[in-house]
Every structure is written in structure tokens, then in C-alpha cells.
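Accompanying notes for the structure given below.
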Amino acid sequence: MLPPVIVGVDGSAESLAAAEWSAREAVRRDRPLRLVHAWNWHPRQGAGEPATAAQRYLARRALRQAEDRIRRTCPGVKLDDEQIEGPATTALLHAAEQADLLVLGSRGLSGFTGFLVGSVALDVVARAVRPVVLVRAEEEASDEHLPADDGSPSTRTGYRDVVLGIDLGDPCDEVIEFAFEAARLRGARLHVVHAWQAPSPIGLGAGDIGLVDGPAQADEWLGFLTAVLQAWRDKYPEVVVAETVTEGRAQSVLVRAASGASLLVVGRRMTERPTGPRTGPVTHAAIHHVGCPVAVVPHE
């Protein structure tokens with residue numbers, strides 16, 4: 001059996017939006033969808049304490065709400081559900097090990113201050129061994145698509161770009177392949193973005209790109225990006241690819257580039273650190289400030 005797309009649900013608006021998005025993604029990937037609810041998603045009891053009747057009722061209600069919403073909006077998806085006892089982070093990490101993709105919700109904040117990503121979601125993103133997608137509470141099917149000719153939202157138009165943030169100092173096959181596959185499944189353009197900053201003369205070595213002036217540096221980086229992507233263009237000839245190299249902080253460049261995208265793809269290195277797993281500054285900025293769904297792909 002193919003690994004399912006798995007989504008964590010708890011009855012909140014953000015988890016329902018994530019459930020809808022995950023249903024559409026499951027159909028695109030031709031995968032089954034599994035809804036997962038952990039007993040103490042909002043932990044109020046000690047580890048090992050049995051779930052109460054009230055908790056079981058709330059869990060069943062949360063799953064039923066998500067199921068009903070998916071049946072209305074995406075009736076063709078193959079759907080099942082699972083209730084798991086234990087801390088939410090542990091339960092979701094265990095579920096992710098069995099998943100093709102894990103999907104979680106993030107709550108939007110007013111104005112332009114970004115999105116609130118709960119501690120459970122942050123912990124899962126930082127530690128999961130499979131890709132995790134974060135979906136904001138207000139996400140709708142039409143947000144993935146270009147507007148209609150009259151400017152109105154539509155689900156009948158083509159998909160907006162899939163954006164890939166790439167670090168040319170460490171281009172990772174797992175992250176690049178995920179982005180190309182996401183673009184292929186949507187019939188979308190893939191926009192690959194790399195941000196560079198002029199290094200200090202002290203840090204330059206012989207032959208470094210930083211030895212040339214600004215415009216020439218940009219051309220060098222673009223040539224490097226084209227070379228890195230060539231094998232993937234050959235593997236995915238149907239995917240139209242746009243390449244951008246921009247001087248600036250990667251966090252800011254990526255947030256701007258993902259404006260109006262259908263999906264942003266970023267990577268997360270799985271190496272252990274003394275302080276424990278973390279997402280890194282670029283991925284951290286993306287999941288807090290990018291409005292479209294964000295896929296975080298772990299890699300060695």
C-alpha cells in the first residue's frame with residue numbers, strides 16, 4: 001500500500017484548512033488520506049494518563065468535522081482516520097514516519113505580522129524525517145490558482161508558481177526533487193530562487209565568486225544555478241523553470257519571492273546540534289511570514 005498523506009486535526013480552523021489542503025494534495029499524488037488526532041493535542045494531563053470520555057468525544061467530533069468538510073470539497077479522496085494517545089508531538093512524529101507527507105495547520109495573525117505556528121507544529125517540523133507542510137487557517141482551494149480574467153478567485157485556472165528556495169552552497173537533491181514533483185503534479189511553473197550576499201574580502205579564497213564585481217557575481221551565481229538544475233530539467237522536461245538570483249538576505253528574498261505562490265519549498269538539515277533539532281533561520285522566517293503553504297523537506 002502506498003504511504004498516505006497524513007494531516008493532524010484538532011477541530012481548529014487551521015487544522016480544518018490543513019485537512020482540505022491535504023485532501024487536494026492526496027488526490028494530486030494519488031495517495032490515500034489519513035486524519036490523525038492525538039488525545040492531548042493541547043496537553044492538560046500527565047503522560048500515561050488514560051483519555052477521558054470527554055476527550056474521546058472531542059477527538060471523534062474533530063475527526064468527524066474534518067471528514068465532513070473533506071467529503072463536501074474533495075469527495076474523490078480515499079479517506080480514513082486514526083486516534084492516538086500520547087503527547088501530540090510524539091504522536092505526529094510517529095505518524096510522519098509512515099507518511100508520504102505530513103500536513104499541519106498554522107494560525108494567521110492580523111495585519112502583516114505573519115503567522116502563529118504552535119509549539120507542536122514547530123517541534124514536528126524540526127524533528128520529522130519526512131516532509132511537513134504548514135497551511136494557514138485562511139487557505140482556500142482558489143488560493144492555489146491564478147485569478148480569473150476578471151480578477152476574481154477561481155479554481156478553474158492554472159496553478160500559481162511553486163517556489164523553491166535553494167542554497168547553492170549546499171544544493172540538496174531531496175529538496176529539489178520535492179519541488180520539481182510538486183510543480184509537475186500541478187502543471188505549475190517552478191520558480192527557483194537563490195539569495196547571495198557579497199562576502200567580506202577577509203573570507204575570500206582563491207577563485208571565489210566574490211572576487212568579481214556585483215553584476216558579474218550575479219551572472220556567476222545564475223550560471224551555477226543553471227548547472228545545478230540541468231539534471232532535474234532533463235528528468236522533468238514538462239516542468240517550466242524560472243531561475244532568480246538576488247543579492248540580499250535569504251530570509252527577506254524568499255518571503256518576497258513566495259508572495260502569490262501556490263507552495264513554497266525549503267529544506268531542513270537533519271544533523272543533530274548540541275541545542276537539539278532546529279529549523280534554521282531561513283526556514284524559520286518562511287514558516288512564520290510566508291502566506292502560502294510551506295513544505296519543509298528534511299535532508300542529510
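So you can find residues: chains in the C-alpha cells are A, B, ... in the order shown, residues in each start at 1, and ligands are numbered from 1 in order.
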
What are the nearest atom pairs, with distances in Å to one decimal, for all residues of region 17-99 of chain A that come at most 12 Å from region 184-190 of chain A, using only C-alpha atoms, set out by chain and rising residue number as JSON lines?
{"residue": "A:Arg24", "atom": "CA", "partner": "A:Arg186", "partner_atom": "CA", "distance": 10.7}
{"residue": "A:Glu25", "atom": "CA", "partner": "A:Leu185", "partner_atom": "CA", "distance": 9.1}
{"residue": "A:Ala26", "atom": "CA", "partner": "A:Leu185", "partner_atom": "CA", "distance": 10.8}
{"residue": "A:Val27", "atom": "CA", "partner": "A:Leu185", "partner_atom": "CA", "distance": 9.9}
{"residue": "A:Arg28", "atom": "CA", "partner": "A:Leu185", "partner_atom": "CA", "distance": 6.1}
{"residue": "A:Arg29", "atom": "CA", "partner": "A:Leu185", "partner_atom": "CA", "distance": 7.1}
{"residue": "A:Asp30", "atom": "CA", "partner": "A:Leu185", "partner_atom": "CA", "distance": 10.0}

Please produce an output containing all heavy atoms for each residue in the selection, written as a short mmCIF file (atom, residue, chain, number, x, y, z; two decimals), in the first residue's frame.
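Result file follows (out-v3.cif):
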data_model
loop_
_atom_site.label_atom_id
_atom_site.label_comp_id
_atom_site.auth_asym_id
_atom_site.auth_seq_id
_atom_site.Cartn_x
_atom_site.Cartn_y
_atom_site.Cartn_z
N ARG A 24 -6.72 17.70 -1.22
CA ARG A 24 -6.39 18.03 -2.60
C ARG A 24 -5.01 17.48 -2.98
O ARG A 24 -4.80 16.99 -4.08
CB ARG A 24 -6.42 19.55 -2.81
CG ARG A 24 -7.79 20.16 -2.55
CD ARG A 24 -7.87 21.60 -3.05
NE ARG A 24 -6.94 22.51 -2.39
CZ ARG A 24 -7.21 23.18 -1.28
NH1 ARG A 24 -8.38 23.02 -0.68
NH2 ARG A 24 -6.31 24.00 -0.74
N GLU A 25 -4.08 17.56 -2.03
CA GLU A 25 -2.74 17.05 -2.30
C GLU A 25 -2.74 15.53 -2.45
O GLU A 25 -2.01 14.98 -3.29
CB GLU A 25 -1.79 17.47 -1.19
CG GLU A 25 -0.33 17.11 -1.41
CD GLU A 25 0.32 17.87 -2.55
OE1 GLU A 25 -0.29 18.83 -3.08
OE2 GLU A 25 1.47 17.52 -2.92
N ALA A 26 -3.54 14.85 -1.64
CA ALA A 26 -3.64 13.39 -1.76
C ALA A 26 -4.16 12.98 -3.13
O ALA A 26 -3.67 12.02 -3.74
CB ALA A 26 -4.53 12.83 -0.65
N VAL A 27 -5.14 13.72 -3.63
CA VAL A 27 -5.67 13.44 -4.97
C VAL A 27 -4.59 13.69 -6.02
O VAL A 27 -4.40 12.89 -6.95
CB VAL A 27 -6.92 14.28 -5.24
CG1 VAL A 27 -7.35 14.18 -6.71
CG2 VAL A 27 -8.06 13.86 -4.33
N ARG A 28 -3.86 14.81 -5.89
CA ARG A 28 -2.79 15.10 -6.85
C ARG A 28 -1.74 13.99 -6.86
O ARG A 28 -1.21 13.63 -7.90
CB ARG A 28 -2.12 16.43 -6.51
CG ARG A 28 -2.93 17.66 -6.90
CD ARG A 28 -2.13 18.94 -6.74
NE ARG A 28 -1.95 19.33 -5.35
CZ ARG A 28 -2.65 20.26 -4.72
NH1 ARG A 28 -3.65 20.88 -5.36
NH2 ARG A 28 -2.41 20.58 -3.47
N ARG A 29 -1.42 13.46 -5.68
CA ARG A 29 -0.39 12.44 -5.57
C ARG A 29 -0.93 11.02 -5.76
O ARG A 29 -0.15 10.06 -5.74
CB ARG A 29 0.27 12.52 -4.19
CG ARG A 29 1.11 13.77 -3.98
CD ARG A 29 1.52 13.94 -2.53
NE ARG A 29 2.44 15.05 -2.38
CZ ARG A 29 3.77 14.94 -2.23
NH1 ARG A 29 4.31 13.74 -2.17
NH2 ARG A 29 4.52 16.00 -2.12
N ASP A 30 -2.25 10.88 -5.90
CA ASP A 30 -2.91 9.58 -5.99
C ASP A 30 -2.57 8.73 -4.77
O ASP A 30 -2.18 7.56 -4.88
CB ASP A 30 -2.51 8.86 -7.28
CG ASP A 30 -3.40 7.66 -7.57
OD1 ASP A 30 -4.55 7.64 -7.07
OD2 ASP A 30 -2.96 6.74 -8.29
#

For this session: Give the helix (DSSP H, G or I) residues of region 129-270 of chain A, as DSSP finds them on the backbone, and put them as an NGL selection string.
Result: :A and (141-144 or 173-186 or 201-203 or 209-211 or 214-235 or 250-257)

Seminar exercise, completed: Closest of A:Asp219, A:Pro3, A:Thr73, A:Arg269 to Thr155 (chain A), counting only C-alpha atoms, is A:Thr73

For this session: Identify, on the basis of only C-alpha atoms, every residue whose closest approach to Leu104 (chain A) does not exceed 9 Å; exclude the query and any residue fewer than 3 positions from it along the same chain; express the result as a count of residues only.
Result: 15

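In this structure, CA of Pro215 (chain A) sits 26.1 Å away from CA of Val266 (chain A).
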